>>> print(open('run19.cif').read())   # mmCIF, C-alpha atoms
data_my_file
#
loop_
_atom_site.label_atom_id
_atom_site.label_comp_id
_atom_site.auth_asym_id
_atom_site.auth_seq_id
_atom_site.Cartn_x
_atom_site.Cartn_y
_atom_site.Cartn_z
CA MET A 177 -43.72 37.43 -90.85
CA PRO A 178 -47.08 39.00 -89.94
CA PHE A 179 -50.33 37.17 -90.65
CA THR A 180 -53.05 39.05 -92.50
CA SER A 181 -55.62 37.01 -90.58
CA VAL A 182 -55.88 34.06 -88.21
CA THR A 183 -59.25 32.33 -87.83
CA LYS A 184 -60.66 29.34 -85.99
CA VAL A 185 -62.25 26.96 -88.49
CA ALA A 186 -63.28 23.99 -86.30
CA ASP A 187 -63.89 22.98 -82.67
CA ALA A 188 -64.80 19.40 -81.73
CA ASP A 189 -64.67 16.79 -78.98
CA PHE A 190 -61.48 14.71 -79.10
CA PRO A 191 -61.02 11.67 -76.84
CA THR A 192 -57.48 10.23 -76.75
CA ARG A 193 -55.63 7.62 -74.71
CA TRP A 194 -54.21 10.53 -72.70
CA GLY A 195 -57.68 11.83 -71.87
CA HIS A 196 -60.37 14.10 -73.27
CA PHE A 197 -59.40 17.17 -75.29
CA ARG A 198 -61.12 19.65 -77.54
CA ILE A 199 -59.53 19.74 -81.00
CA LEU A 200 -59.53 23.17 -82.62
CA GLY A 201 -58.42 23.98 -86.16
CA PHE A 202 -56.88 27.33 -87.12
CA GLU A 203 -55.77 28.89 -90.39
CA GLY A 204 -53.44 31.83 -90.80
CA VAL A 205 -53.05 33.80 -94.03
CA ILE A 206 -49.80 35.50 -95.04
CA ASP A 207 -49.69 37.85 -98.02
CA ARG A 208 -46.39 38.01 -99.94
CA PRO A 209 -44.53 35.53 -97.71
CA GLU A 210 -40.74 35.47 -97.71
CA PRO A 211 -39.42 32.37 -99.51
CA CYS A 212 -37.48 29.77 -97.53
CA ASN A 213 -35.69 28.72 -100.73
CA ASP A 214 -34.70 31.53 -103.09
CA ALA A 215 -34.52 29.08 -106.00
CA LEU A 216 -38.26 28.41 -105.76
CA PRO A 217 -40.97 30.93 -106.73
CA ALA A 218 -42.61 32.58 -103.74
CA PRO A 219 -46.41 32.36 -103.71
CA ALA A 220 -48.37 35.61 -103.52
CA ARG A 221 -50.30 34.19 -100.58
CA ARG A 222 -49.76 31.35 -98.14
CA VAL A 223 -52.21 29.63 -95.82
CA GLU A 224 -50.76 27.90 -92.76
CA GLY A 225 -52.68 25.45 -90.61
CA ALA A 226 -52.38 24.57 -86.95
CA VAL A 227 -54.31 22.34 -84.58
CA ALA A 228 -54.78 23.02 -80.88
CA LEU A 229 -55.56 20.17 -78.48
CA VAL A 230 -57.00 21.83 -75.39
CA MET A 231 -57.64 20.13 -72.05
CA GLY A 232 -59.20 21.54 -68.90
CA ASP A 233 -59.03 25.05 -67.49
CA ILE A 234 -56.42 27.05 -69.43
CA HIS A 235 -57.24 30.47 -67.95
CA SER A 236 -56.94 30.28 -64.15
CA HIS A 237 -53.14 30.03 -64.34
CA PRO A 238 -50.51 29.82 -67.12
CA PRO A 239 -51.18 26.48 -68.80
CA ILE A 240 -48.61 23.92 -69.92
CA VAL A 241 -48.11 24.41 -73.66
CA ARG A 242 -46.21 22.45 -76.29
CA ILE A 243 -45.60 23.81 -79.81
CA HIS A 244 -45.00 20.70 -81.92
CA SER A 245 -44.01 20.77 -85.58
CA GLN A 246 -45.58 18.08 -87.76
CA CYS A 247 -43.28 15.08 -88.31
CA LEU A 248 -44.91 12.37 -90.38
CA THR A 249 -41.87 10.12 -90.18
CA GLY A 250 -41.60 10.35 -86.41
CA ASP A 251 -45.15 10.98 -85.21
CA VAL A 252 -46.82 8.43 -87.50
CA PHE A 253 -44.13 5.93 -88.56
CA HIS A 254 -42.17 6.02 -85.27
CA SER A 255 -38.88 6.94 -86.95
CA LEU A 256 -35.80 6.86 -84.72
CA ARG A 257 -33.94 9.39 -86.87
CA CYS A 258 -35.42 12.09 -84.61
CA ASP A 259 -36.99 12.49 -81.17
CA CYS A 260 -40.26 14.06 -82.38
CA ARG A 261 -42.69 11.29 -81.47
CA GLN A 262 -41.17 10.86 -78.01
CA GLN A 263 -41.49 14.60 -77.40
CA LEU A 264 -45.09 14.60 -78.62
CA GLU A 265 -46.05 11.79 -76.25
CA LEU A 266 -44.11 13.40 -73.40
CA ALA A 267 -46.08 16.62 -73.85
CA LEU A 268 -49.44 14.88 -74.00
CA ALA A 269 -48.60 12.91 -70.85
CA MET A 270 -47.55 16.10 -69.02
CA ILE A 271 -50.78 17.87 -69.99
CA ALA A 272 -52.84 14.88 -68.91
CA GLU A 273 -51.04 14.65 -65.57
CA ALA A 274 -51.62 18.36 -64.94
CA GLY A 275 -55.27 18.03 -65.98
CA SER A 276 -55.02 21.04 -68.30
CA GLY A 277 -52.89 22.42 -71.09
CA ILE A 278 -52.56 23.01 -74.82
CA LEU A 279 -50.71 21.14 -77.53
CA LEU A 280 -50.26 23.23 -80.68
CA TYR A 281 -49.51 21.07 -83.71
CA GLU A 282 -48.16 23.03 -86.69
CA GLN A 283 -48.00 21.94 -90.32
CA GLN A 284 -44.26 22.58 -90.47
CA GLU A 285 -42.81 19.29 -91.73
CA GLY A 286 -39.03 19.13 -91.82
CA ARG A 287 -38.54 22.43 -89.96
CA GLY A 288 -40.81 24.02 -92.54
CA ILE A 289 -39.26 22.72 -95.80
CA GLY A 290 -42.01 20.16 -96.50
CA LEU A 291 -42.13 16.38 -96.61
CA MET A 292 -40.54 15.71 -100.01
CA ALA A 293 -37.67 18.12 -99.35
CA LYS A 294 -37.22 16.51 -95.94
CA LEU A 295 -36.86 13.08 -97.56
CA ARG A 296 -34.30 14.52 -99.98
CA ALA A 297 -32.48 15.90 -96.95
CA TYR A 298 -32.53 12.39 -95.46
CA GLU A 299 -30.67 11.17 -98.56
CA LEU A 300 -27.99 13.80 -98.04
CA GLN A 301 -27.75 12.91 -94.36
CA ASP A 302 -27.16 9.29 -95.38
CA GLN A 303 -24.17 10.63 -97.35
CA GLY A 304 -22.69 12.29 -94.27
CA LEU A 305 -24.31 15.74 -93.97
CA ASP A 306 -26.00 16.80 -90.76
CA THR A 307 -29.59 18.11 -90.74
CA ILE A 308 -28.60 21.76 -91.17
CA GLU A 309 -26.00 21.06 -93.87
CA ALA A 310 -28.57 19.02 -95.80
CA ASN A 311 -31.17 21.81 -95.69
CA LEU A 312 -28.60 24.35 -96.86
CA GLU A 313 -27.41 22.06 -99.65
CA LEU A 314 -30.99 21.92 -100.94
CA GLY A 315 -31.16 25.72 -100.93
CA TYR A 316 -33.28 26.11 -97.79
CA LYS A 317 -32.61 27.94 -94.58
CA ALA A 318 -31.45 25.85 -91.64
CA ASP A 319 -34.89 26.31 -90.08
CA CYS A 320 -37.85 27.83 -91.95
CA ARG A 321 -40.21 27.97 -88.98
CA GLU A 322 -41.33 31.27 -87.44
CA PHE A 323 -43.72 30.21 -84.59
CA GLU A 324 -45.90 33.29 -85.09
CA LEU A 325 -49.05 31.27 -85.81
CA PRO A 326 -48.95 29.41 -82.46
CA ALA A 327 -48.56 32.76 -80.67
CA GLU A 328 -51.61 34.16 -82.48
CA VAL A 329 -53.61 31.02 -81.68
CA LEU A 330 -52.76 31.34 -77.99
CA LYS A 331 -53.95 34.94 -77.99
CA LEU A 332 -57.18 33.95 -79.76
CA LEU A 333 -57.68 31.41 -76.97
CA GLY A 334 -57.23 34.18 -74.39
CA VAL A 335 -53.90 32.79 -73.18
CA HIS A 336 -51.18 35.40 -72.62
CA ALA A 337 -48.82 33.50 -70.32
CA VAL A 338 -47.66 29.88 -70.60
CA ARG A 339 -45.39 27.22 -69.17
CA LEU A 340 -43.66 26.06 -72.35
CA ILE A 341 -42.43 22.51 -72.96
CA THR A 342 -39.38 22.99 -75.18
CA ASN A 343 -35.63 22.62 -75.56
CA ASN A 344 -35.58 25.32 -78.24
CA PRO A 345 -34.82 28.89 -77.06
CA ALA A 346 -36.16 30.22 -80.39
CA LYS A 347 -39.68 29.16 -79.39
CA VAL A 348 -39.42 31.01 -76.08
CA GLU A 349 -38.13 34.12 -77.84
CA ALA A 350 -40.83 33.97 -80.54
CA LEU A 351 -43.65 33.80 -78.00
CA GLU A 352 -42.19 36.58 -75.87
CA GLN A 353 -41.76 38.83 -78.91
CA ALA A 354 -45.37 38.15 -79.90
CA GLY A 355 -46.65 39.21 -76.49
CA VAL A 356 -47.10 35.79 -74.85
CA GLN A 357 -45.15 35.54 -71.60
CA VAL A 358 -43.24 32.33 -70.92
CA THR A 359 -43.30 32.00 -67.14
CA GLU A 360 -41.43 28.68 -67.15
CA ARG A 361 -39.51 26.55 -69.63
CA ILE A 362 -40.14 22.84 -69.08
CA SER A 363 -37.57 20.46 -70.56
CA ALA A 364 -38.67 18.31 -73.50
CA GLU A 365 -35.56 16.15 -73.36
CA VAL A 366 -36.16 12.44 -73.96
CA PRO A 367 -33.75 9.49 -73.97
CA SER A 368 -31.62 9.37 -77.10
CA GLU A 369 -31.22 6.49 -79.53
CA PRO A 370 -28.01 5.48 -81.33
CA THR A 371 -29.80 6.44 -84.57
CA ASN A 372 -30.51 10.03 -83.51
CA GLU A 373 -27.43 10.97 -81.48
CA ARG A 374 -25.94 13.07 -84.30
CA TYR A 375 -29.31 14.72 -84.88
CA LEU A 376 -29.43 15.77 -81.22
CA GLN A 377 -25.78 16.84 -81.30
CA THR A 378 -26.54 19.16 -84.24
CA LYS A 379 -29.53 20.62 -82.38
CA ARG A 380 -27.32 21.31 -79.37
CA GLU A 381 -24.19 22.60 -81.09
CA LYS A 382 -25.62 24.46 -84.10
CA MET A 383 -29.14 25.45 -83.03
CA GLY A 384 -28.62 26.12 -79.34
CA HIS A 385 -31.13 23.55 -78.10
CA LEU A 386 -30.92 22.83 -74.39
CA VAL A 387 -30.18 19.11 -74.52
CA SER A 388 -27.42 17.18 -72.79
#
>>> encode(input="run19.cif", output="structure tokens")
Amino acid sequence: MPFTSVTKVADADFPTRWGHFRILGFEGVIDRPEPCNDALPAPARRVEGAVALVMGDIHSHPPIVRIHSQCLTGDVFHSLRCDCRQQLELALAMIAEAGSGILLYEQQEGRGIGLMAKLRAYELQDQGLDTIEANLELGYKADCREFELPAEVLKLLGVHAVRLITNNPAKVEALEQAGVQVTERISAEVPSEPTNERYLQTKREKMGHLVS
């Protein structure tokens, strides 16, 4: 889904407990976007947002990069239904240890279906459906994310090759197709919890994620 435009809208100092970053805001505009749920009206125009946390020298060699989809329940409320927060902290720690890297944080809650739909999907999961079955039951695709905006952000930053922290082959493929070389895939696997074992099993068996 091609973006009509991608622009940087902010660039500021950003100290964290992992170290000092720059925080950059980006907006991408899509005209006539394809709907993720055919039962809902498609907007004529969609604006997507993404944040880049940038540390150190990202140009002398392919930097460590993590593309992280927003997860309010995990990232903020420390939910154990998923492994999102653990992966976020793992990525930040890896970047800090390396002294350089980029974390791209996309506004793609619930694999792109949005927060309220994600909570409705939680209800269906409580009734026995897995994450994909719940999305489909609500009329959405299994995964509505495209990962084109992170690729465009990387190119705006002058980064054309990366070491990508991910278990998701779709992210590797999306970057490669967009012209960003993935020189290495770094595992984002974290210890599982009894409350997210089925979630991880679905990722592995139905989405092809590289988790044990």
>>> closest_residue(input="run19.cif", among="A:Ser255, A:Thr180, A:Thr307, A:Ser245", to="Arg221 (chain A)", atoms="all atoms listed in the file")
A:Thr180
>>> resolve_selection(input="run19.cif", expression="the PyMOL selection byres ((chain A and resi 264) around 12)", output="MDAnalysis selection string")
chainID A and resid 194 229 241:248 250:252 254 258:263 265:271 278:281 341:342 364:366
>>> closest_residue(input="run19.cif", among="A:Pro217, A:Pro209, A:Pro345, A:Gly277", to="Cys320 (chain A)", atoms="only C-alpha atoms")
A:Pro209
>>> atom_distance(input="run19.cif", atom1="CA of Glu203 (chain A)", atom2="CA of Arg296 (chain A)")
27.6 Å
>>> residues_around(input="run19.cif", residues="region 322-339 of chain A", least_positions_apart="3", cutoff="6 Å", atoms="all atoms listed in the file", output="PyMOL selection string")
chain A and resi 238-241+351+356-361
>>> atom_distance(input="run19.cif", atom1="CA of Arg257 (chain A)", atom2="CA of Met383 (chain A)")
17.2 Å
>>> atom_distance(input="run19.cif", atom1="CA of Ala186 (chain A)", atom2="CA of Leu200 (chain A)")
5.3 Å
>>> resolve_selection(input="run19.cif", expression="the PyMOL selection byres ((chain A and resi 294) around 10)", output="PyMOL selection string")
chain A and resi 247+249+285-293+295-300+307+310-311+314
>>> resolve_selection(input="run19.cif", expression="the PyMOL selection byres ((chain A and resi 192) around 12)", output="MDAnalysis selection string")
chainID A and resid 189:191 193:199 229:231 265 268:269 272
>>> residues_near_point(input="run19.cif", point="(-37.4, 29.5, -101.2)", cutoff="10 Å", atoms="all atoms listed in the file", output="count of residues only")
17
>>> closest_residue(input="run19.cif", among="A:Arg374, A:His385, A:Arg208, A:Lys184", to="Val348 (chain A)", atoms="all atoms listed in the file")
A:His385
>>> closest_residue(input="run19.cif", among="A:Leu340, A:Arg321, A:Pro370, A:Gln377", to="Glu352 (chain A)", atoms="all atoms listed in the file")
A:Leu340
>>> build_atoms(input="run19.cif", residues="region 196-212 of chain A", atoms="N, CA and C atoms", output="PDB file, in the frame of the given file")
ATOM      1  N   HIS A 196     -59.457  13.355 -72.406  1.00  0.00           N
ATOM      2  CA  HIS A 196     -60.370  14.100 -73.270  1.00  0.00           C
ATOM      3  C   HIS A 196     -59.835  15.506 -73.556  1.00  0.00           C
ATOM      4  N   PHE A 197     -59.790  15.837 -74.824  1.00  0.00           N
ATOM      5  CA  PHE A 197     -59.400  17.170 -75.290  1.00  0.00           C
ATOM      6  C   PHE A 197     -60.538  17.748 -76.134  1.00  0.00           C
ATOM      7  N   ARG A 198     -60.443  19.025 -76.409  1.00  0.00           N
ATOM      8  CA  ARG A 198     -61.120  19.650 -77.540  1.00  0.00           C
ATOM      9  C   ARG A 198     -60.069  19.798 -78.635  1.00  0.00           C
ATOM     10  N   ILE A 199     -60.443  19.535 -79.882  1.00  0.00           N
ATOM     11  CA  ILE A 199     -59.530  19.740 -81.000  1.00  0.00           C
ATOM     12  C   ILE A 199     -60.024  20.931 -81.813  1.00  0.00           C
ATOM     13  N   LEU A 200     -59.180  21.932 -81.931  1.00  0.00           N
ATOM     14  CA  LEU A 200     -59.530  23.170 -82.620  1.00  0.00           C
ATOM     15  C   LEU A 200     -58.616  23.341 -83.832  1.00  0.00           C
ATOM     16  N   GLY A 201     -59.195  23.725 -84.962  1.00  0.00           N
ATOM     17  CA  GLY A 201     -58.420  23.980 -86.160  1.00  0.00           C
ATOM     18  C   GLY A 201     -58.315  25.471 -86.435  1.00  0.00           C
ATOM     19  N   PHE A 202     -57.118  25.918 -86.820  1.00  0.00           N
ATOM     20  CA  PHE A 202     -56.880  27.330 -87.120  1.00  0.00           C
ATOM     21  C   PHE A 202     -56.166  27.474 -88.456  1.00  0.00           C
ATOM     22  N   GLU A 203     -56.469  28.561 -89.159  1.00  0.00           N
ATOM     23  CA  GLU A 203     -55.770  28.890 -90.390  1.00  0.00           C
ATOM     24  C   GLU A 203     -55.270  30.328 -90.330  1.00  0.00           C
ATOM     25  N   GLY A 204     -54.025  30.499 -90.725  1.00  0.00           N
ATOM     26  CA  GLY A 204     -53.440  31.830 -90.800  1.00  0.00           C
ATOM     27  C   GLY A 204     -53.059  32.149 -92.231  1.00  0.00           C
ATOM     28  N   VAL A 205     -53.323  33.363 -92.663  1.00  0.00           N
ATOM     29  CA  VAL A 205     -53.050  33.800 -94.030  1.00  0.00           C
ATOM     30  C   VAL A 205     -51.913  34.812 -94.014  1.00  0.00           C
ATOM     31  N   ILE A 206     -50.918  34.582 -94.882  1.00  0.00           N
ATOM     32  CA  ILE A 206     -49.800  35.500 -95.040  1.00  0.00           C
ATOM     33  C   ILE A 206     -49.784  35.977 -96.490  1.00  0.00           C
ATOM     34  N   ASP A 207     -49.837  37.278 -96.682  1.00  0.00           N
ATOM     35  CA  ASP A 207     -49.690  37.850 -98.020  1.00  0.00           C
ATOM     36  C   ASP A 207     -48.213  38.140 -98.289  1.00  0.00           C
ATOM     37  N   ARG A 208     -47.771  37.800 -99.512  1.00  0.00           N
ATOM     38  CA  ARG A 208     -46.390  38.010 -99.940  1.00  0.00           C
ATOM     39  C   ARG A 208     -45.396  37.435 -98.931  1.00  0.00           C
ATOM     40  N   PRO A 209     -45.453  36.138 -98.675  1.00  0.00           N
ATOM     41  CA  PRO A 209     -44.530  35.530 -97.710  1.00  0.00           C
ATOM     42  C   PRO A 209     -43.096  35.519 -98.241  1.00  0.00           C
ATOM     43  N   GLU A 210     -42.141  35.583 -97.329  1.00  0.00           N
ATOM     44  CA  GLU A 210     -40.740  35.470 -97.710  1.00  0.00           C
ATOM     45  C   GLU A 210     -40.433  34.009 -98.035  1.00  0.00           C
ATOM     46  N   PRO A 211     -39.718  33.760 -99.152  1.00  0.00           N
ATOM     47  CA  PRO A 211     -39.420  32.370 -99.510  1.00  0.00           C
ATOM     48  C   PRO A 211     -38.369  31.773 -98.579  1.00  0.00           C
ATOM     49  N   CYS A 212     -38.489  30.476 -98.312  1.00  0.00           N
ATOM     50  CA  CYS A 212     -37.480  29.770 -97.530  1.00  0.00           C
ATOM     51  C   CYS A 212     -36.366  29.253 -98.435  1.00  0.00           C
TER      52      CYS A 212
END
